[in-house]
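Have a look at structure-v5.tsv below; it lists TSV, C-alpha atoms.
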chain	number	residue	atom	x	y	z
A	18	MET	CA	-41.30	-45.18	94.24
A	19	ARG	CA	-44.56	-46.51	92.80
A	20	SER	CA	-45.37	-50.16	93.35
A	21	PHE	CA	-46.59	-52.69	90.83
A	22	PRO	CA	-50.22	-51.58	90.33
A	23	LEU	CA	-52.00	-54.86	91.03
A	24	SER	CA	-50.92	-55.03	94.64
A	25	SER	CA	-50.58	-51.43	95.81
A	26	ASP	CA	-52.79	-49.01	97.71
A	27	ARG	CA	-52.16	-46.50	94.92
A	28	PHE	CA	-53.90	-48.86	92.53
A	29	ASP	CA	-56.96	-48.98	94.79
A	30	ARG	CA	-57.18	-45.25	95.34
A	31	ARG	CA	-56.09	-43.94	91.96
A	32	THR	CA	-55.94	-46.31	89.03
A	33	PHE	CA	-59.01	-48.24	90.13
A	34	GLY	CA	-60.91	-45.00	90.59
A	35	GLN	CA	-59.81	-43.68	87.20
A	36	ARG	CA	-60.99	-46.80	85.44
A	37	PHE	CA	-64.39	-46.79	87.07
A	38	GLY	CA	-64.71	-43.05	86.51
A	39	LEU	CA	-64.02	-43.60	82.83
A	40	ALA	CA	-66.47	-46.51	82.74
A	41	LEU	CA	-69.15	-44.27	84.25
A	42	ILE	CA	-68.48	-41.58	81.65
A	43	PHE	CA	-68.71	-44.23	78.93
A	44	VAL	CA	-72.07	-45.48	80.23
A	45	LEU	CA	-73.43	-41.93	80.46
A	46	LEU	CA	-72.28	-41.26	76.90
A	47	MET	CA	-74.03	-44.42	75.71
A	48	LEU	CA	-77.26	-43.37	77.44
A	49	ALA	CA	-77.09	-39.85	76.00
A	50	LEU	CA	-76.53	-41.09	72.46
A	51	ALA	CA	-79.31	-43.67	72.86
A	52	LEU	CA	-81.71	-40.86	73.76
A	53	LEU	CA	-80.54	-38.63	70.91
A	54	SER	CA	-80.59	-41.32	68.19
A	55	ASP	CA	-82.83	-44.36	67.93
A	56	ARG	CA	-80.23	-45.97	65.64
A	57	PHE	CA	-77.46	-45.96	68.22
A	58	LEU	CA	-78.34	-49.06	70.26
A	59	THR	CA	-79.14	-51.27	67.29
A	60	PRO	CA	-77.06	-54.49	67.11
A	61	ALA	CA	-75.67	-53.49	63.71
A	62	ASN	CA	-74.43	-50.12	64.99
A	63	LEU	CA	-72.93	-51.53	68.18
A	64	THR	CA	-71.11	-54.16	66.13
A	65	ASN	CA	-69.87	-51.41	63.83
A	66	ILE	CA	-68.50	-49.47	66.81
A	67	LEU	CA	-66.57	-52.54	67.96
A	68	ARG	CA	-65.26	-53.13	64.43
A	69	GLN	CA	-64.04	-49.56	64.21
A	70	THR	CA	-62.55	-49.75	67.71
A	71	ALA	CA	-60.57	-52.86	66.76
A	72	ILE	CA	-58.16	-50.92	64.53
A	73	ASN	CA	-57.31	-48.18	67.01
A	74	GLY	CA	-57.60	-50.60	69.93
A	75	ILE	CA	-54.89	-52.92	68.63
A	76	ILE	CA	-52.56	-50.02	67.85
A	77	SER	CA	-53.29	-48.53	71.27
A	78	ALA	CA	-52.41	-51.79	73.01
A	79	GLY	CA	-48.87	-51.55	71.68
A	80	MET	CA	-48.77	-47.81	72.39
A	81	THR	CA	-49.76	-48.50	76.01
A	82	LEU	CA	-46.63	-50.57	76.60
A	83	VAL	CA	-44.48	-47.83	75.08
A	84	ILE	CA	-46.03	-45.06	77.18
A	85	LEU	CA	-45.80	-47.18	80.33
A	86	THR	CA	-42.01	-47.18	79.87
A	87	GLY	CA	-42.03	-43.38	79.63
A	88	GLY	CA	-41.63	-43.40	75.84
A	89	ILE	CA	-43.74	-42.40	72.86
A	90	ASP	CA	-44.21	-43.91	69.39
A	91	LEU	CA	-45.18	-41.35	66.77
A	92	SER	CA	-44.40	-43.72	63.90
A	93	VAL	CA	-47.24	-46.26	64.21
A	94	GLY	CA	-49.33	-44.76	61.40
A	95	SER	CA	-46.43	-44.78	58.94
A	96	VAL	CA	-45.21	-48.18	60.11
A	97	LEU	CA	-48.72	-49.48	59.49
A	98	ALA	CA	-48.71	-48.01	55.97
A	99	LEU	CA	-45.33	-49.41	54.94
A	100	SER	CA	-46.02	-52.83	56.45
A	101	VAL	CA	-49.38	-53.37	54.75
A	102	THR	CA	-48.08	-51.96	51.47
A	103	ILE	CA	-45.37	-54.61	51.41
A	104	GLY	CA	-47.84	-57.35	52.34
A	105	ALA	CA	-50.36	-56.16	49.73
A	106	ALA	CA	-47.71	-55.95	47.01
A	107	LEU	CA	-46.52	-59.49	47.74
A	108	MET	CA	-50.08	-60.82	47.49
A	109	LYS	CA	-50.54	-59.08	44.15
A	110	GLN	CA	-47.31	-60.70	42.97
A	111	GLY	CA	-48.77	-64.12	43.71
A	112	TRP	CA	-47.26	-64.87	47.10
A	113	PRO	CA	-49.40	-67.04	49.41
A	114	VAL	CA	-51.61	-65.06	51.76
A	115	GLU	CA	-49.95	-66.57	54.82
A	116	LEU	CA	-46.45	-65.57	53.75
A	117	SER	CA	-47.60	-62.09	52.73
A	118	VAL	CA	-49.23	-61.57	56.13
A	119	LEU	CA	-46.11	-62.79	57.92
A	120	ALA	CA	-43.97	-60.44	55.79
A	121	ALA	CA	-46.16	-57.49	56.75
A	122	LEU	CA	-46.06	-58.38	60.44
A	123	ALA	CA	-42.30	-58.90	60.30
A	124	THR	CA	-41.89	-55.50	58.63
A	125	GLY	CA	-43.89	-53.79	61.36
A	126	ALA	CA	-41.96	-55.57	64.11
A	127	GLY	CA	-38.65	-54.82	62.37
A	128	LEU	CA	-39.38	-51.10	62.05
A	129	GLY	CA	-40.42	-51.02	65.70
A	130	CYS	CA	-37.20	-52.80	66.61
A	131	ILE	CA	-35.22	-50.12	64.74
A	132	ASN	CA	-36.99	-47.49	66.84
A	133	GLY	CA	-35.97	-49.33	69.99
A	134	VAL	CA	-32.35	-49.65	68.88
A	135	LEU	CA	-32.14	-45.96	68.01
A	136	ILE	CA	-33.50	-45.07	71.44
A	137	THR	CA	-31.34	-47.45	73.47
A	138	LEU	CA	-28.04	-47.68	71.60
A	139	ALA	CA	-27.93	-44.34	69.76
A	140	ARG	CA	-29.47	-42.57	72.80
A	141	ILE	CA	-31.93	-40.67	70.60
A	142	PRO	CA	-35.00	-39.45	72.53
A	143	PRO	CA	-38.12	-41.48	71.70
A	144	PHE	CA	-39.94	-38.45	70.33
A	145	ILE	CA	-37.16	-37.71	67.83
A	146	ALA	CA	-36.44	-41.34	66.91
A	147	THR	CA	-40.06	-42.21	66.18
A	148	LEU	CA	-40.69	-38.88	64.44
A	149	GLY	CA	-37.83	-39.75	62.10
A	150	MET	CA	-39.32	-43.21	61.51
A	151	LEU	CA	-42.69	-41.60	60.82
A	152	THR	CA	-41.19	-39.52	58.03
A	153	MET	CA	-38.97	-42.26	56.61
A	154	ALA	CA	-41.62	-44.99	56.57
A	155	ARG	CA	-44.20	-42.69	54.97
A	156	GLY	CA	-41.69	-41.62	52.33
A	157	LEU	CA	-40.79	-45.23	51.54
A	158	THR	CA	-44.48	-46.09	51.25
A	159	LEU	CA	-45.09	-43.31	48.75
A	160	MET	CA	-41.99	-44.23	46.76
A	161	TYR	CA	-42.85	-47.93	46.71
A	162	THR	CA	-46.43	-47.38	45.55
A	163	GLN	CA	-45.71	-44.33	43.38
A	164	GLY	CA	-48.75	-42.84	45.06
A	165	GLN	CA	-51.09	-45.51	43.67
A	166	PRO	CA	-53.39	-47.76	45.75
A	167	ILE	CA	-53.09	-51.54	45.72
A	168	THR	CA	-56.47	-53.24	45.42
A	169	GLY	CA	-58.10	-56.60	44.72
A	170	PHE	CA	-56.91	-59.02	47.41
A	171	PRO	CA	-57.67	-62.77	47.62
A	172	ALA	CA	-60.84	-63.81	49.42
A	173	ALA	CA	-58.78	-65.71	52.00
A	174	PHE	CA	-57.12	-62.46	53.04
A	175	ARG	CA	-60.31	-60.37	53.06
A	176	TRP	CA	-61.60	-62.78	55.71
A	177	LEU	CA	-59.41	-60.87	58.20
A	178	GLY	CA	-61.59	-57.82	57.78
A	179	ALA	CA	-64.98	-59.23	56.86
A	180	GLY	CA	-65.09	-62.80	58.22
A	181	ASP	CA	-66.25	-64.08	61.57
A	182	ILE	CA	-65.33	-66.73	64.13
A	183	ALA	CA	-68.31	-68.41	65.80
A	184	GLY	CA	-70.42	-65.38	64.98
A	185	ILE	CA	-67.82	-62.88	66.25
A	186	PRO	CA	-66.33	-60.62	63.54
A	187	VAL	CA	-62.65	-61.40	63.05
A	188	PRO	CA	-61.45	-57.82	63.80
A	189	ILE	CA	-63.24	-57.87	67.15
A	190	ALA	CA	-61.94	-61.35	67.97
A	191	LEU	CA	-58.36	-60.30	67.16
A	192	MET	CA	-58.69	-57.17	69.29
A	193	LEU	CA	-59.91	-59.22	72.24
A	194	LEU	CA	-57.07	-61.70	71.72
A	195	VAL	CA	-54.50	-58.88	71.71
A	196	PHE	CA	-55.87	-57.36	74.92
A	197	VAL	CA	-56.21	-60.70	76.72
A	198	ALA	CA	-52.67	-61.74	75.77
A	199	GLY	CA	-51.31	-58.28	76.56
A	200	GLY	CA	-53.16	-58.17	79.87
A	201	PHE	CA	-51.72	-61.53	80.90
A	202	LEU	CA	-48.19	-60.39	80.10
A	203	LEU	CA	-48.64	-57.01	81.74
A	204	TYR	CA	-50.44	-58.06	84.92
A	205	ARG	CA	-49.39	-61.64	85.53
A	206	THR	CA	-45.72	-61.89	84.54
A	207	SER	CA	-42.40	-60.35	85.51
A	208	PHE	CA	-42.37	-58.74	82.05
A	209	GLY	CA	-45.19	-56.45	83.13
A	210	MET	CA	-43.61	-55.67	86.46
A	211	GLN	CA	-40.39	-54.69	84.70
A	212	ILE	CA	-42.29	-52.39	82.32
A	213	TYR	CA	-43.93	-50.54	85.22
A	214	LEU	CA	-40.64	-50.32	87.10
A	215	LEU	CA	-38.82	-49.00	84.02
A	216	GLY	CA	-41.43	-46.31	83.49
A	217	ASP	CA	-41.52	-45.40	87.17
A	218	ASN	CA	-37.79	-45.24	87.83
A	219	PRO	CA	-35.28	-46.21	85.10
A	220	THR	CA	-32.35	-45.93	87.49
A	221	ALA	CA	-33.93	-48.29	90.01
A	222	ALA	CA	-34.82	-50.64	87.17
A	223	ARG	CA	-31.17	-50.86	86.10
A	224	LEU	CA	-29.96	-51.35	89.66
A	225	THR	CA	-32.43	-54.20	90.25
A	226	GLY	CA	-31.21	-56.06	87.18
A	227	VAL	CA	-33.95	-55.18	84.69
A	228	PRO	CA	-32.54	-55.51	81.13
A	229	VAL	CA	-33.56	-51.95	80.28
A	230	ASN	CA	-32.22	-51.81	76.72
A	231	ARG	CA	-33.62	-55.20	75.74
A	232	LEU	CA	-36.96	-54.42	77.33
A	233	THR	CA	-37.20	-51.08	75.53
A	234	VAL	CA	-36.41	-52.65	72.16
A	235	LEU	CA	-39.00	-55.38	72.79
A	236	VAL	CA	-41.70	-52.86	73.71
A	237	TYR	CA	-41.18	-50.84	70.51
A	238	THR	CA	-41.06	-54.06	68.49
A	239	ILE	CA	-44.45	-55.05	69.92
A	240	SER	CA	-45.80	-51.59	69.07
A	241	GLY	CA	-44.70	-51.99	65.44
A	242	PHE	CA	-46.18	-55.49	65.30
A	243	CYS	CA	-49.53	-54.24	66.61
A	244	ALA	CA	-49.55	-51.42	64.05
A	245	ALA	CA	-48.97	-53.90	61.21
A	246	LEU	CA	-51.67	-56.25	62.50
A	247	ALA	CA	-54.19	-53.42	62.73
A	248	GLY	CA	-53.24	-52.31	59.22
A	249	LEU	CA	-53.78	-55.79	57.79
A	250	ILE	CA	-57.27	-55.89	59.29
A	251	LEU	CA	-58.00	-52.46	57.85
A	252	ILE	CA	-56.92	-53.15	54.27
A	253	ALA	CA	-58.65	-56.54	54.36
A	254	ARG	CA	-61.86	-54.77	55.28
A	255	LEU	CA	-61.42	-52.04	52.65
A	256	ASP	CA	-59.93	-54.35	50.00
A	257	SER	CA	-57.47	-51.56	49.29
A	258	ALA	CA	-54.06	-50.41	50.53
A	259	GLN	CA	-53.80	-46.67	50.03
A	260	PRO	CA	-50.36	-45.03	50.26
A	261	THR	CA	-51.82	-42.47	52.68
A	262	ILE	CA	-53.36	-45.09	54.95
A	263	GLY	CA	-52.69	-44.63	58.65
A	264	LEU	CA	-52.32	-40.84	58.60
A	265	GLY	CA	-53.02	-39.50	62.09
A	266	TYR	CA	-53.46	-42.95	63.62
A	267	GLU	CA	-50.70	-42.25	66.11
A	268	LEU	CA	-52.76	-39.40	67.53
A	269	ASN	CA	-55.83	-41.62	67.92
A	270	ALA	CA	-53.75	-44.25	69.71
A	271	ILE	CA	-52.13	-41.75	72.04
A	272	ALA	CA	-55.56	-40.27	72.76
A	273	ALA	CA	-56.97	-43.68	73.71
A	274	VAL	CA	-54.04	-44.41	76.04
A	275	VAL	CA	-54.13	-40.99	77.72
A	276	VAL	CA	-57.91	-40.98	78.10
A	277	GLY	CA	-57.52	-44.44	79.62
A	278	GLY	CA	-55.51	-42.96	82.48
A	279	ALA	CA	-51.87	-43.42	81.39
A	280	SER	CA	-49.20	-40.92	82.29
A	281	PHE	CA	-46.64	-39.66	79.77
A	282	SER	CA	-44.04	-39.87	82.52
A	283	GLY	CA	-44.45	-43.66	82.57
A	284	GLY	CA	-45.42	-46.24	85.16
A	285	GLU	CA	-49.12	-45.30	85.27
A	286	GLY	CA	-52.01	-46.81	83.29
A	287	GLY	CA	-52.92	-50.15	81.79
A	288	LEU	CA	-54.69	-52.01	79.03
A	289	VAL	CA	-58.11	-51.97	80.68
A	290	GLY	CA	-58.12	-48.19	80.67
A	291	THR	CA	-56.79	-48.12	77.11
A	292	LEU	CA	-59.60	-50.35	75.87
A	293	LEU	CA	-62.16	-48.12	77.56
A	294	GLY	CA	-60.45	-45.06	76.10
A	295	ALA	CA	-60.55	-46.52	72.57
A	296	LEU	CA	-64.23	-47.47	72.98
A	297	LEU	CA	-65.07	-44.01	74.30
A	298	ILE	CA	-63.39	-42.23	71.39
A	299	GLU	CA	-64.93	-44.47	68.75
A	300	THR	CA	-68.36	-44.18	70.38
A	301	LEU	CA	-68.00	-40.40	70.25
A	302	ASN	CA	-67.13	-40.58	66.55
A	303	ASN	CA	-70.04	-42.90	65.86
A	304	GLY	CA	-72.51	-40.76	67.78
A	305	LEU	CA	-71.42	-37.59	66.02
A	306	ASN	CA	-71.88	-39.32	62.67
A	307	LEU	CA	-75.37	-40.52	63.61
A	308	LEU	CA	-76.27	-37.00	64.67
A	309	ASN	CA	-74.97	-35.64	61.35
A	310	VAL	CA	-72.35	-33.49	63.04
A	311	SER	CA	-69.59	-32.26	60.74
A	312	SER	CA	-66.50	-34.49	60.71
A	313	LEU	CA	-64.45	-31.40	61.57
A	314	TRP	CA	-66.13	-31.30	64.98
A	315	GLU	CA	-64.96	-34.85	65.68
A	316	GLN	CA	-61.41	-33.56	65.96
A	317	VAL	CA	-62.57	-30.79	68.30
A	318	VAL	CA	-64.34	-33.30	70.57
A	319	LYS	CA	-61.27	-35.56	70.64
A	320	GLY	CA	-59.11	-32.61	71.65
A	321	VAL	CA	-61.51	-31.63	74.43
A	322	VAL	CA	-61.65	-35.21	75.74
A	323	ILE	CA	-57.84	-35.49	75.78
A	324	ALA	CA	-57.50	-32.15	77.55
A	325	LEU	CA	-60.08	-33.11	80.18
A	326	ALA	CA	-58.36	-36.46	80.72
A	327	LEU	CA	-55.01	-34.75	81.32
A	328	LEU	CA	-56.59	-32.24	83.70
A	329	LEU	CA	-58.27	-35.06	85.60
A	330	TYR	CA	-54.99	-36.95	85.83
A	331	ARG	CA	-53.15	-33.90	87.19
A	332	ALA	CA	-55.93	-33.12	89.65
A	333	ILE	CA	-55.94	-36.66	91.04
A	334	GLY	CA	-52.14	-36.79	91.08
A	335	SER	CA	-51.80	-33.53	93.03
A	336	ARG	CA	-54.50	-34.64	95.50
A	337	ASN	CA	-52.77	-37.95	96.18
A	338	SER	CA	-49.38	-36.33	96.58
A	339	ARG	CA	-50.58	-34.14	99.45
Encoded form (structure tokens):
Amino acid sequence: MRSFPLSSDRFDRRTFGQRFGLALIFVLLMLALALLSDRFLTPANLTNILRQTAINGIISAGMTLVILTGGIDLSVGSVLALSVTIGAALMKQGWPVELSVLAALATGAGLGCINGVLITLARIPPFIATLGMLTMARGLTLMYTQGQPITGFPAAFRWLGAGDIAGIPVPIALMLLVFVAGGFLLYRTSFGMQIYLLGDNPTAARLTGVPVNRLTVLVYTISGFCAALAGLILIARLDSAQPTIGLGYELNAIAAVVVGGASFSGGEGGLVGTLLGALLIETLNNGLNLLNVSSLWEQVVKGVVIALALLLYRAIGSRNSR
């Protein structure tokens, strides 16, 4: 059985190595793009990369917890869309910004909670449960908006996407807050230990008294909350809530988590790797844009990176198992 990663030899030999390997790849990518484009290392562009990373990064933080338990959440893009649509509609109806934001966050958390209940009580596999939520939430979004965007939000709300705190753009500050808070819970509390144990060996988790069902529901609730938060930042930045917003975001989040060293079988990975994975993917996108590469190739590059990450994970895993 795997041990809690902060105190095990496996962490030193495997997870630690994966993270530094990914960090090295990230640095090499930065150097290559700096040589290929003189616009890459400008403060404005680097800030833009972090802004873009904030959306996927926050979603990926919630996805990390789900994947650590051995689950998957395919619904985050649709949950994001439905949550922000409700929040945007309430603002347009004259509701205070604070209440509208809370309503959107509550919607995201509630939809995530439904995913968790379906998985734990109805015994529906995570893939099927969240795939169903993906379809349902997207359909409700299209029905609610009648396919029309919601635009023109109050200035107080747009601050979420365009404002700053002590010179730090709000999206970046919120991303850092999510990862710091998530890292504390994951690495410094029994909550994190239980998540790793559940992903590593569900049977052992039950026998040691881990509240498996409650923990699973909580993890999916957090994933839905993170999706809604990321969506609020996005529509505040765009000043528009499109009914198709969030399409494919679940794939970006899964990519960031997998590139960051997580295992789909659960119990392997962490938020540090996820953050690096999200930065790597967004830096790739940014570099391809600066080099005027077709947007279609961005998807190809993402696929190659994911495939290489999985091959690396399997290679390291088979080596350590010998």
Set out as JSON lines a contact list for segment 253-326 of chain A and segment 166-174 of chain A with a cut-off of 12 Å, giving each residue of segment 253-326 of chain A that qualifies its closest atom pair and distance in Å to one decimal, counting all atoms listed in the file, ordered by chain and rising residue number.
{"residue": "A:Ala253", "atom": "CA", "partner": "A:Phe174", "partner_atom": "CA", "distance": 6.3}
{"residue": "A:Arg254", "atom": "CA", "partner": "A:Phe174", "partner_atom": "CA", "distance": 9.3}
{"residue": "A:Leu255", "atom": "CA", "partner": "A:Thr168", "partner_atom": "CA", "distance": 8.8}
{"residue": "A:Asp256", "atom": "CA", "partner": "A:Thr168", "partner_atom": "CA", "distance": 5.8}
{"residue": "A:Ser257", "atom": "CA", "partner": "A:Thr168", "partner_atom": "CA", "distance": 4.3}
{"residue": "A:Ala258", "atom": "CA", "partner": "A:Ile167", "partner_atom": "CA", "distance": 5.0}
{"residue": "A:Gln259", "atom": "CA", "partner": "A:Pro166", "partner_atom": "CA", "distance": 4.4}
{"residue": "A:Pro260", "atom": "CA", "partner": "A:Pro166", "partner_atom": "CA", "distance": 6.1}
{"residue": "A:Thr261", "atom": "CA", "partner": "A:Pro166", "partner_atom": "CA", "distance": 8.9}
{"residue": "A:Ile262", "atom": "CA", "partner": "A:Pro166", "partner_atom": "CA", "distance": 9.6}
Taking (-35.6, -58.3, 83.8) as a centre in this file's frame and 12 Å as the limit, can you find every polymer residue with an atom that close, using all atoms listed in the file, and give them as number ranges by chain?
A: 206-215, 221-233, 235
Env of Gly149 of chain A: 12 Å cut, atoms = all atoms listed in the file, seq-sep filter 2 positions within chain, self excluded. Answer as an NGL selection string.
:A and (90-93 or 95-96 or 128 or 131-132 or 135-136 or 141-147 or 151-156)
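Of the listed residues A:Gln316, A:Gln165, A:Thr300, A:Asn62, the one whose atoms come nearest to Leu48 of chain A is A:Thr300, with distances taken using all atoms listed in the file.
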How many Å separate atom CA of Asp181 of chain A from atom CA of Arg68 of chain A?
11.4 Å
